[in-house]
file structure-v4.txt (compact mmCIF, C-alpha atoms (C1' of nucleotides))
# COMPACT_ATOMS: atom_id res chain seq x y z
CA MET A 21 61.50 60.18 -101.24
CA MET A 22 63.67 57.21 -102.06
CA LYS A 23 62.42 54.12 -100.31
CA THR A 24 64.76 51.40 -101.38
CA SER A 25 65.50 49.81 -98.04
CA LEU A 26 67.63 46.96 -99.26
CA ASP A 27 66.92 43.83 -97.21
CA PRO A 28 69.66 44.02 -94.56
CA VAL A 29 69.72 40.27 -94.09
CA ILE A 30 70.87 39.87 -97.68
CA HIS A 31 72.78 43.10 -98.15
CA ALA A 32 75.86 42.25 -96.06
CA ASP A 33 78.70 41.44 -98.44
CA ALA A 34 79.22 37.84 -97.33
CA ARG A 35 75.53 37.00 -97.23
CA LEU A 36 74.88 38.56 -100.61
CA ARG A 37 77.51 36.26 -102.07
CA ILE A 38 76.08 33.26 -100.26
CA MET A 39 72.62 34.00 -101.60
CA THR A 40 73.97 34.56 -105.10
CA VAL A 41 75.54 31.12 -105.08
CA LEU A 42 72.54 29.40 -103.56
CA ASN A 43 70.16 31.14 -105.92
CA ALA A 44 72.22 29.92 -108.84
CA ILE A 45 71.77 26.27 -107.99
CA GLY A 46 68.68 24.37 -109.00
CA GLU A 47 65.43 24.06 -107.10
CA GLY A 48 66.12 20.92 -105.09
CA ASP A 49 69.90 21.02 -105.28
CA SER A 50 72.28 21.89 -102.51
CA VAL A 51 75.90 22.73 -101.75
CA THR A 52 78.04 21.45 -98.91
CA PHE A 53 79.51 23.74 -96.27
CA PRO A 54 83.14 23.18 -97.30
CA LYS A 55 82.32 23.63 -100.96
CA LEU A 56 80.59 26.93 -100.28
CA ARG A 57 83.44 27.97 -98.06
CA SER A 58 85.96 27.38 -100.82
CA ILE A 59 83.83 29.18 -103.38
CA LEU A 60 83.45 32.24 -101.20
CA ASP A 61 86.91 32.10 -99.65
CA ILE A 62 85.86 33.15 -96.16
CA THR A 63 86.62 31.59 -92.79
CA ALA A 64 84.44 28.78 -91.51
CA GLY A 65 83.53 30.91 -88.51
CA ASN A 66 82.09 33.66 -90.64
CA LEU A 67 80.31 31.26 -92.89
CA SER A 68 78.71 29.57 -89.90
CA VAL A 69 77.47 32.85 -88.45
CA HIS A 70 76.11 34.17 -91.71
CA LEU A 71 74.38 30.90 -92.53
CA ARG A 72 72.62 31.02 -89.21
CA LYS A 73 71.29 34.50 -89.90
CA LEU A 74 70.02 33.45 -93.28
CA GLU A 75 68.45 30.38 -91.74
CA ASP A 76 66.81 32.45 -88.97
CA ALA A 77 65.30 34.62 -91.66
CA GLY A 78 63.93 31.53 -93.37
CA TYR A 79 65.98 32.11 -96.50
CA ILE A 80 68.05 28.94 -96.49
CA THR A 81 68.05 25.45 -95.03
CA GLN A 82 70.92 23.63 -93.38
CA GLU A 83 70.58 19.89 -93.43
CA LYS A 84 73.08 17.94 -91.41
CA THR A 85 73.57 14.35 -92.46
CA ILE A 86 75.89 11.48 -91.74
CA GLN A 87 78.02 10.80 -94.78
CA GLY A 88 79.88 7.53 -94.29
CA ARG A 89 81.92 8.06 -91.13
CA THR A 90 81.69 11.81 -90.97
CA THR A 91 79.08 14.54 -91.15
CA ALA A 92 78.12 16.79 -93.99
CA THR A 93 75.99 19.90 -94.03
CA TYR A 94 73.95 20.63 -97.12
CA LEU A 95 72.84 24.17 -97.78
CA GLY A 96 69.85 25.00 -99.91
CA ILE A 97 67.73 28.05 -100.65
CA THR A 98 64.07 28.16 -99.67
CA PRO A 99 61.29 29.51 -101.92
CA ARG A 100 61.03 32.43 -99.55
CA GLY A 101 64.78 32.99 -99.78
CA ARG A 102 64.67 32.93 -103.53
CA THR A 103 61.84 35.45 -103.56
CA ALA A 104 63.65 37.73 -101.14
CA PHE A 105 66.81 37.49 -103.19
CA LEU A 106 65.08 38.30 -106.45
CA GLU A 107 63.36 41.24 -104.85
CA TYR A 108 66.66 42.43 -103.42
CA ARG A 109 68.27 42.11 -106.82
CA GLY A 110 65.43 43.99 -108.47
CA THR A 111 65.66 46.82 -105.98
CA LEU A 112 69.39 47.07 -106.39
CA LEU A 113 69.33 46.99 -110.16
CA ALA A 114 66.63 49.63 -110.21
CA LEU A 115 68.79 51.76 -107.94
CA LEU A 116 71.91 51.36 -110.04
CA ASP A 117 70.33 51.68 -113.47
CA GLU A 118 69.71 55.37 -113.73
CA MET B 12 87.58 31.51 -105.34
CA MET B 13 85.21 34.45 -105.47
CA LYS B 14 87.02 37.69 -104.85
CA THR B 15 84.41 40.37 -105.14
CA SER B 16 85.22 42.45 -102.08
CA LEU B 17 82.70 45.20 -102.59
CA ASP B 18 84.13 48.53 -101.47
CA PRO B 19 82.82 48.77 -97.89
CA VAL B 20 82.83 52.55 -97.93
CA ILE B 21 80.23 52.49 -100.67
CA HIS B 22 78.40 49.27 -99.85
CA ALA B 23 76.51 50.44 -96.76
CA ASP B 24 72.89 51.02 -97.76
CA ALA B 25 72.77 54.73 -96.97
CA ARG B 26 76.12 55.50 -98.60
CA LEU B 27 75.28 53.51 -101.71
CA ARG B 28 72.19 55.65 -102.16
CA ILE B 29 74.16 58.82 -101.54
CA MET B 30 76.72 57.84 -104.15
CA THR B 31 74.01 56.88 -106.61
CA VAL B 32 72.47 60.31 -106.34
CA LEU B 33 75.76 62.16 -106.50
CA ASN B 34 76.94 60.08 -109.42
CA ALA B 35 73.77 60.95 -111.28
CA ILE B 36 74.40 64.67 -111.18
CA GLY B 37 76.68 66.37 -113.66
CA GLU B 38 80.43 66.86 -113.40
CA GLY B 39 80.55 70.24 -111.70
CA ASP B 40 77.06 70.18 -110.22
CA SER B 41 76.14 69.73 -106.61
CA VAL B 42 73.24 69.06 -104.27
CA THR B 43 72.49 70.71 -100.95
CA PHE B 44 72.40 68.82 -97.68
CA PRO B 45 68.65 69.33 -97.08
CA LYS B 46 67.83 68.39 -100.67
CA LEU B 47 69.84 65.18 -100.40
CA ARG B 48 68.25 64.48 -97.05
CA SER B 49 64.76 64.76 -98.48
CA ILE B 50 65.65 62.59 -101.48
CA LEU B 51 67.06 59.85 -99.29
CA ASP B 52 64.61 60.25 -96.44
CA ILE B 53 67.11 59.63 -93.65
CA THR B 54 67.81 61.60 -90.51
CA ALA B 55 70.23 64.50 -90.66
CA GLY B 56 72.42 62.74 -88.12
CA ASN B 57 72.91 59.73 -90.29
CA LEU B 58 73.45 61.79 -93.38
CA SER B 59 76.09 63.86 -91.60
CA VAL B 60 77.97 60.78 -90.44
CA HIS B 61 77.86 59.02 -93.78
CA LEU B 62 78.92 62.12 -95.68
CA ARG B 63 81.93 62.41 -93.44
CA LYS B 64 82.97 58.85 -94.21
CA LEU B 65 82.63 59.43 -97.91
CA GLU B 66 84.58 62.64 -97.59
CA ASP B 67 87.32 60.93 -95.58
CA ALA B 68 87.62 58.39 -98.37
CA GLY B 69 87.98 61.20 -100.88
CA TYR B 70 84.81 60.25 -102.72
CA ILE B 71 82.84 63.44 -102.21
CA THR B 72 83.32 67.09 -101.33
CA GLN B 73 81.38 69.15 -98.83
CA GLU B 74 81.52 72.84 -99.48
CA LYS B 75 80.08 75.08 -96.84
CA THR B 76 79.07 78.51 -98.00
CA ILE B 77 77.26 81.50 -96.66
CA GLN B 78 73.96 81.88 -98.46
CA GLY B 79 72.44 85.19 -97.56
CA ARG B 80 72.10 85.05 -93.79
CA THR B 81 72.43 81.33 -93.36
CA THR B 82 74.77 78.56 -94.38
CA ALA B 83 74.40 75.98 -97.08
CA THR B 84 76.39 72.83 -97.66
CA TYR B 85 76.90 71.70 -101.23
CA LEU B 86 77.77 68.10 -101.86
CA GLY B 87 79.59 66.93 -104.95
CA ILE B 88 81.27 63.78 -106.16
CA THR B 89 85.01 63.71 -106.85
CA PRO B 90 86.58 62.03 -109.89
CA ARG B 91 87.95 59.43 -107.53
CA GLY B 92 84.51 58.92 -106.04
CA ARG B 93 82.99 58.48 -109.45
CA THR B 94 85.62 55.93 -110.39
CA ALA B 95 85.11 54.02 -107.17
CA PHE B 96 81.36 54.06 -107.64
CA LEU B 97 81.56 52.79 -111.20
CA GLU B 98 83.91 50.05 -110.14
CA TYR B 99 81.60 49.11 -107.29
CA ARG B 100 78.67 49.03 -109.66
CA GLY B 101 80.56 46.87 -112.12
CA THR B 102 81.53 44.40 -109.43
CA LEU B 103 78.00 44.18 -108.17
CA LEU B 104 76.44 43.77 -111.57
CA ALA B 105 78.94 41.06 -112.42
CA LEU B 106 78.02 39.32 -109.19
CA LEU B 107 74.30 39.52 -109.78
CA ASP B 108 74.25 38.71 -113.47
CA GLU B 109 74.73 34.98 -113.54
C1' DT C 21 61.59 88.12 -76.13
C1' DC C 22 59.65 83.80 -76.59
C1' DG C 23 58.82 79.93 -79.41
C1' DT C 24 59.66 77.41 -83.50
C1' DA C 25 62.28 75.91 -87.34
C1' DA C 26 66.38 75.16 -90.31
C1' DG C 27 70.97 73.22 -90.71
C1' DG C 28 73.90 70.28 -89.06
C1' DT C 29 77.07 67.70 -85.39
C1' DT C 30 78.01 64.83 -81.36
C1' DT C 31 77.18 61.00 -78.65
C1' DG C 32 75.53 56.65 -76.57
C1' DT C 33 73.54 52.33 -77.40
C1' DA C 34 72.63 48.47 -80.12
C1' DA C 35 73.69 45.58 -83.85
C1' DT C 36 77.15 43.61 -86.95
C1' DT C 37 81.41 41.72 -88.45
C1' DC C 38 85.40 39.09 -88.22
C1' DA C 39 88.75 35.75 -86.98
C1' DA C 40 90.85 33.31 -83.12
C1' DA C 41 89.94 29.74 -80.16
C1' DC C 42 87.48 25.74 -79.30
C1' DT C 43 84.75 21.05 -79.71
C1' DG C 44 84.56 16.63 -81.47
C1' DG C 45 85.30 13.18 -84.71
C1' DT C 46 88.69 10.98 -88.39
C1' DT C 47 92.83 9.58 -90.61
C1' DG C 48 97.66 8.60 -90.80
C1' DT C 49 101.75 6.67 -88.74
C1' DA C 50 105.24 4.98 -85.63
C1' DT D 7 98.04 1.90 -78.64
C1' DA D 8 99.50 6.66 -78.72
C1' DC D 9 100.08 10.90 -80.82
C1' DA D 10 99.90 14.30 -84.42
C1' DA D 11 97.51 16.47 -88.00
C1' DC D 12 93.23 17.39 -90.23
C1' DC D 13 88.29 18.08 -91.26
C1' DA D 14 83.73 20.07 -90.06
C1' DG D 15 81.78 23.33 -87.99
C1' DT D 16 80.48 26.47 -83.54
C1' DT D 17 81.28 29.83 -79.94
C1' DT D 18 83.16 33.89 -78.27
C1' DG D 19 84.91 38.41 -77.66
C1' DA D 20 86.96 42.53 -79.38
C1' DA D 21 86.50 46.12 -82.83
C1' DT D 22 83.78 48.42 -86.05
C1' DT D 23 79.46 50.32 -87.75
C1' DA D 24 74.85 52.09 -87.80
C1' DC D 25 71.25 54.60 -86.02
C1' DA D 26 68.55 58.11 -83.97
C1' DA D 27 68.13 60.97 -79.88
C1' DA D 28 69.93 64.90 -78.00
C1' DC D 29 72.31 68.87 -78.76
C1' DC D 30 74.24 73.46 -80.70
C1' DT D 31 73.72 77.68 -83.28
C1' DT D 32 71.55 80.97 -86.14
C1' DA D 33 67.24 82.79 -88.22
C1' DC D 34 62.61 84.19 -88.26
C1' DG D 35 57.64 85.33 -86.81
C1' DA D 36 54.34 86.80 -83.36

call {"tool": "encode", "arguments": {"input": "structure-v4.txt", "output": "C-alpha cells"}}
result
Amino acid sequence: MMKTSLDPVIHADARLRIMTVLNAIGEGDSVTFPKLRSILDITAGNLSVHLRKLEDAGYITQEKTIQGRTTATYLGITPRGRTAFLEYRGTLLALLDE
Amino acid sequence: MMKTSLDPVIHADARLRIMTVLNAIGEGDSVTFPKLRSILDITAGNLSVHLRKLEDAGYITQEKTIQGRTTATYLGITPRGRTAFLEYRGTLLALLDE
DNA sequence: TCGTAAGGTTTGTAATTCAAACTGGTTGTA
DNA sequence: TACAACCAGTTTGAATTACAAACCTTACGA
C-alpha cells in the first residue's frame, strides 16, 4: 500500500511554486506581493486566493504595512510552513526516486 | 519569470502515483487494474476515472482481455507517456532543487 | 437460487482553479 | 480642479476536477 498523500495545500501547482520561493528566502526575510507575482507570473487574483489558503493553513504570514503613501504586503514562511514544505518535498522525492 | 507549468494531466496526486508505478515497470510489461488499485490504495472509481484521463492524453494503454472466465485489464505506459513523465519529473526536480 | 465477491463504470456533490471585474488609493497632466 | 491611467490587492462566478457512493455485470460457493 502506497501512502504518500502529498499535502494538498502545497501540492497545487501555484502554491507549490509559492512555497518554493518562500522557503528559499531566509528565516526572517520576506517578499512583497508584487515581487512574488512577477516571479511566479500569475494574476494578482490567483495569487491572492492561494496566499489566503496557505495563510489559513498556517504556512505563511501576510503582513500589511504602510510604506510611505501606499501599502505593501510582505509574505513570509512560518516554521510550520517550512516543516510542511520540507516534508512535502521529502515525500515527493521519495516517490520520484525509484 | 518562472515558467514551470507542470503537466496538469500528470500532476494530480493520484495520477502522479499511477505514472510513477507504470514508469517503473519495463518497456513491454503491464500491471492489472486490481494490482494497481492495491498498490495505490484508492477506490476503483477513482482509479477508473484517472486511468481514462491518462489514456485520453495518450500516456497509457488499457488492454481488456478475457482471462479464463473473467476479464482482466492490463495497464501499460506508452512511449509518449514515459516521455511526458520524465519531463514532468525533470521540471519538478529542477523546481525543488534550489 | 440466494448471497457474496470481483472487476470496473457512471454519477452527483463538493472542492478547486482561474481570470474578469471590482475597490480604493496614488500619480501624472492639462 | 478634473480626469485618466496605474498600482495593490480582493471578490466573485463560471468551469473544471476530484472523490466516493451507487450501480452494473459476471462468477462462484453454499

call {"tool": "closest_atom_pairs", "arguments": {"input": "structure-v4.txt", "of": "chain A", "to": "chain B", "cutoff": "7 Å", "atoms": "only C-alpha atoms", "output": "JSON lines"}}
result
{"residue": "A:Met21", "atom": "CA", "partner": "B:Ile50", "partner_atom": "CA", "distance": 4.8}
{"residue": "A:Met22", "atom": "CA", "partner": "B:Leu51", "partner_atom": "CA", "distance": 5.1}
{"residue": "A:Leu26", "atom": "CA", "partner": "B:Asp24", "partner_atom": "CA", "distance": 6.8}
{"residue": "A:Asp33", "atom": "CA", "partner": "B:Leu17", "partner_atom": "CA", "distance": 6.9}
{"residue": "A:Thr40", "atom": "CA", "partner": "B:Leu107", "partner_atom": "CA", "distance": 6.8}
{"residue": "A:Ser58", "atom": "CA", "partner": "B:Met12", "partner_atom": "CA", "distance": 6.3}
{"residue": "A:Ile59", "atom": "CA", "partner": "B:Met12", "partner_atom": "CA", "distance": 4.8}
{"residue": "A:Leu60", "atom": "CA", "partner": "B:Met13", "partner_atom": "CA", "distance": 5.1}
{"residue": "A:Asp61", "atom": "CA", "partner": "B:Met12", "partner_atom": "CA", "distance": 5.8}
{"residue": "A:Leu116", "atom": "CA", "partner": "B:Thr31", "partner_atom": "CA", "distance": 6.8}

call {"tool": "interface_residues", "arguments": {"input": "structure-v4.txt", "of": "chain A", "to": "chain D", "cutoff": "12 Å", "atoms": "all atoms listed in the file", "output": "list in words"}}
result
Pro28, Thr52, Phe53, Pro54, Lys55, Arg57, Thr63, Ala64, Gly65, Asn66, Leu67, Ser68, Val69, Leu71, Arg72, Lys84, Thr85, Ile86, Gln87, Arg89, Thr90, Thr91, Ala92 and Thr93 of chain A

call {"tool": "write_last_selection", "arguments": {"input": "structure-v4.txt", "atoms": "C-alpha atoms", "output": "PDB file, in the coordinates of the input"}}
result
ATOM      1  CA  PRO A  28      69.660  44.020 -94.560  1.00  0.00           C
ATOM      2  CA  THR A  52      78.040  21.450 -98.910  1.00  0.00           C
ATOM      3  CA  PHE A  53      79.510  23.740 -96.270  1.00  0.00           C
ATOM      4  CA  PRO A  54      83.140  23.180 -97.300  1.00  0.00           C
ATOM      5  CA  LYS A  55      82.320  23.630-100.960  1.00  0.00           C
ATOM      6  CA  ARG A  57      83.440  27.970 -98.060  1.00  0.00           C
ATOM      7  CA  THR A  63      86.620  31.590 -92.790  1.00  0.00           C
ATOM      8  CA  ALA A  64      84.440  28.780 -91.510  1.00  0.00           C
ATOM      9  CA  GLY A  65      83.530  30.910 -88.510  1.00  0.00           C
ATOM     10  CA  ASN A  66      82.090  33.660 -90.640  1.00  0.00           C
ATOM     11  CA  LEU A  67      80.310  31.260 -92.890  1.00  0.00           C
ATOM     12  CA  SER A  68      78.710  29.570 -89.900  1.00  0.00           C
ATOM     13  CA  VAL A  69      77.470  32.850 -88.450  1.00  0.00           C
ATOM     14  CA  LEU A  71      74.380  30.900 -92.530  1.00  0.00           C
ATOM     15  CA  ARG A  72      72.620  31.020 -89.210  1.00  0.00           C
ATOM     16  CA  LYS A  84      73.080  17.940 -91.410  1.00  0.00           C
ATOM     17  CA  THR A  85      73.570  14.350 -92.460  1.00  0.00           C
ATOM     18  CA  ILE A  86      75.890  11.480 -91.740  1.00  0.00           C
ATOM     19  CA  GLN A  87      78.020  10.800 -94.780  1.00  0.00           C
ATOM     20  CA  ARG A  89      81.920   8.060 -91.130  1.00  0.00           C
ATOM     21  CA  THR A  90      81.690  11.810 -90.970  1.00  0.00           C
ATOM     22  CA  THR A  91      79.080  14.540 -91.150  1.00  0.00           C
ATOM     23  CA  ALA A  92      78.120  16.790 -93.990  1.00  0.00           C
ATOM     24  CA  THR A  93      75.990  19.900 -94.030  1.00  0.00           C
TER      25      THR A  93
END

call {"tool": "atom_distance", "arguments": {"input": "structure-v4.txt", "atom1": "atom CA of B:Leu33", "atom2": "atom C1' of C:DG28"}}
result
19.3 Å

call {"tool": "calpha_fit_and_write", "arguments": {"input": "structure-v4.txt", "fixed": "chain A", "moving": "chain B", "output": "compact mmCIF listing (two decimals) with C-alpha atoms, in the coordinates of the input"}}
result
# COMPACT_ATOMS: atom_id res chain seq x y z
CA MET B 12 61.70 60.34 -101.31
CA MET B 13 63.85 57.32 -102.08
CA LYS B 14 62.56 54.25 -100.33
CA THR B 15 64.84 51.47 -101.38
CA SER B 16 65.49 49.81 -98.03
CA LEU B 17 67.59 46.93 -99.23
CA ASP B 18 66.87 43.82 -97.19
CA PRO B 19 69.61 43.98 -94.53
CA VAL B 20 69.67 40.23 -94.08
CA ILE B 21 70.81 39.85 -97.66
CA HIS B 22 72.75 43.08 -98.13
CA ALA B 23 75.82 42.24 -96.05
CA ASP B 24 78.66 41.41 -98.43
CA ALA B 25 79.19 37.83 -97.31
CA ARG B 26 75.48 36.98 -97.21
CA LEU B 27 74.84 38.54 -100.61
CA ARG B 28 77.48 36.25 -102.07
CA ILE B 29 76.04 33.25 -100.26
CA MET B 30 72.58 33.99 -101.61
CA THR B 31 73.93 34.54 -105.10
CA VAL B 32 75.51 31.12 -105.09
CA LEU B 33 72.52 29.38 -103.57
CA ASN B 34 70.14 31.13 -105.93
CA ALA B 35 72.21 29.92 -108.85
CA ILE B 36 71.77 26.27 -108.02
CA GLY B 37 68.68 24.35 -109.03
CA GLU B 38 65.42 24.03 -107.10
CA GLY B 39 66.13 20.90 -105.11
CA ASP B 40 69.91 21.01 -105.31
CA SER B 41 72.30 21.88 -102.54
CA VAL B 42 75.91 22.73 -101.80
CA THR B 43 78.07 21.48 -98.95
CA PHE B 44 79.53 23.75 -96.31
CA PRO B 45 83.18 23.19 -97.34
CA LYS B 46 82.33 23.65 -101.02
CA LEU B 47 80.57 26.94 -100.31
CA ARG B 48 83.44 27.99 -98.10
CA SER B 49 85.97 27.41 -100.86
CA ILE B 50 83.82 29.22 -103.42
CA LEU B 51 83.44 32.26 -101.20
CA ASP B 52 86.89 32.13 -99.67
CA ILE B 53 85.84 33.18 -96.18
CA THR B 54 86.61 31.64 -92.82
CA ALA B 55 84.43 28.83 -91.54
CA GLY B 56 83.53 30.97 -88.55
CA ASN B 57 82.08 33.70 -90.65
CA LEU B 58 80.29 31.30 -92.92
CA SER B 59 78.74 29.56 -89.92
CA VAL B 60 77.48 32.82 -88.46
CA HIS B 61 76.09 34.15 -91.71
CA LEU B 62 74.38 30.88 -92.55
CA ARG B 63 72.65 30.97 -89.21
CA LYS B 64 71.30 34.45 -89.90
CA LEU B 65 70.01 33.40 -93.28
CA GLU B 66 68.46 30.32 -91.74
CA ASP B 67 66.83 32.37 -88.97
CA ALA B 68 65.29 34.55 -91.66
CA GLY B 69 63.94 31.47 -93.38
CA TYR B 70 65.97 32.07 -96.52
CA ILE B 71 68.04 28.90 -96.51
CA THR B 72 68.07 25.40 -95.05
CA GLN B 73 70.95 23.60 -93.40
CA GLU B 74 70.62 19.87 -93.45
CA LYS B 75 73.12 17.92 -91.44
CA THR B 76 73.60 14.34 -92.48
CA ILE B 77 75.88 11.48 -91.68
CA GLN B 78 78.07 10.76 -94.67
CA GLY B 79 79.91 7.54 -94.11
CA ARG B 80 81.85 8.13 -90.91
CA THR B 81 81.65 11.89 -90.86
CA THR B 82 79.04 14.59 -91.10
CA ALA B 83 78.15 16.80 -94.00
CA THR B 84 76.03 19.92 -94.06
CA TYR B 85 74.00 20.62 -97.16
CA LEU B 86 72.86 24.14 -97.81
CA GLY B 87 69.85 24.98 -99.92
CA ILE B 88 67.74 28.01 -100.67
CA THR B 89 64.08 28.13 -99.68
CA PRO B 90 61.30 29.47 -101.92
CA ARG B 91 61.04 32.39 -99.55
CA GLY B 92 64.77 32.96 -99.78
CA ARG B 93 64.65 32.92 -103.54
CA THR B 94 61.82 35.43 -103.56
CA ALA B 95 63.63 37.70 -101.15
CA PHE B 96 66.80 37.47 -103.19
CA LEU B 97 65.05 38.30 -106.44
CA GLU B 98 63.33 41.23 -104.82
CA TYR B 99 66.63 42.43 -103.40
CA ARG B 100 68.24 42.11 -106.80
CA GLY B 101 65.42 44.02 -108.45
CA THR B 102 65.66 46.84 -105.94
CA LEU B 103 69.38 47.09 -106.37
CA LEU B 104 69.30 47.01 -110.14
CA ALA B 105 66.62 49.69 -110.16
CA LEU B 106 68.81 51.78 -107.89
CA LEU B 107 71.91 51.38 -110.01
CA ASP B 108 70.33 51.72 -113.42
CA GLU B 109 69.79 55.43 -113.75

call {"tool": "interface_residues", "arguments": {"input": "structure-v4.txt", "of": "chain C", "to": "chain B", "cutoff": "10 Å", "atoms": "only C-alpha atoms (C1' of nucleotides)", "output": "VMD selection string"}}
result
chain C and resid 26 to 30

call {"tool": "write_last_selection", "arguments": {"input": "structure-v4.txt", "atoms": "C-alpha atoms (C1' of nucleotides)", "output": "PDB file, in the frame of the given file"}}
result
ATOM      1  C1'  DA C  26      66.380  75.160 -90.310  1.00  0.00           C
ATOM      2  C1'  DG C  27      70.970  73.220 -90.710  1.00  0.00           C
ATOM      3  C1'  DG C  28      73.900  70.280 -89.060  1.00  0.00           C
ATOM      4  C1'  DT C  29      77.070  67.700 -85.390  1.00  0.00           C
ATOM      5  C1'  DT C  30      78.010  64.830 -81.360  1.00  0.00           C
TER       6       DT C  30
END

call {"tool": "atom_distance", "arguments": {"input": "structure-v4.txt", "atom1": "atom CA of B:Val20", "atom2": "atom CA of B:Ile71"}}
result
11.7 Å

call {"tool": "atom_distance", "arguments": {"input": "structure-v4.txt", "atom1": "atom CA of A:Thr81", "atom2": "atom CA of A:Ile45"}}
result
13.5 Å

call {"tool": "residues_around", "arguments": {"input": "structure-v4.txt", "residues": "A:Thr103", "least_positions_apart": "5", "cutoff": "9 Å", "atoms": "all atoms listed in the file", "output": "ChimeraX atom specification"}}
result
/A:79,98,108

call {"tool": "closest_residue", "arguments": {"input": "structure-v4.txt", "among": "B:Ala68, B:Asp40, B:Ile29, B:Ile21", "to": "B:Tyr85", "atoms": "all atoms listed in the file"}}
result
B:Asp40

call {"tool": "axis_aligned_box", "arguments": {"input": "structure-v4.txt", "around": "stretch 21-24 of chain C", "padding_each_side": "8 Å", "output": "AutoDock Vina command-line options"}}
result
--center_x 60.2 --center_y 82.8 --center_z -79.8 --size_x 18.8 --size_y 26.7 --size_z 23.4
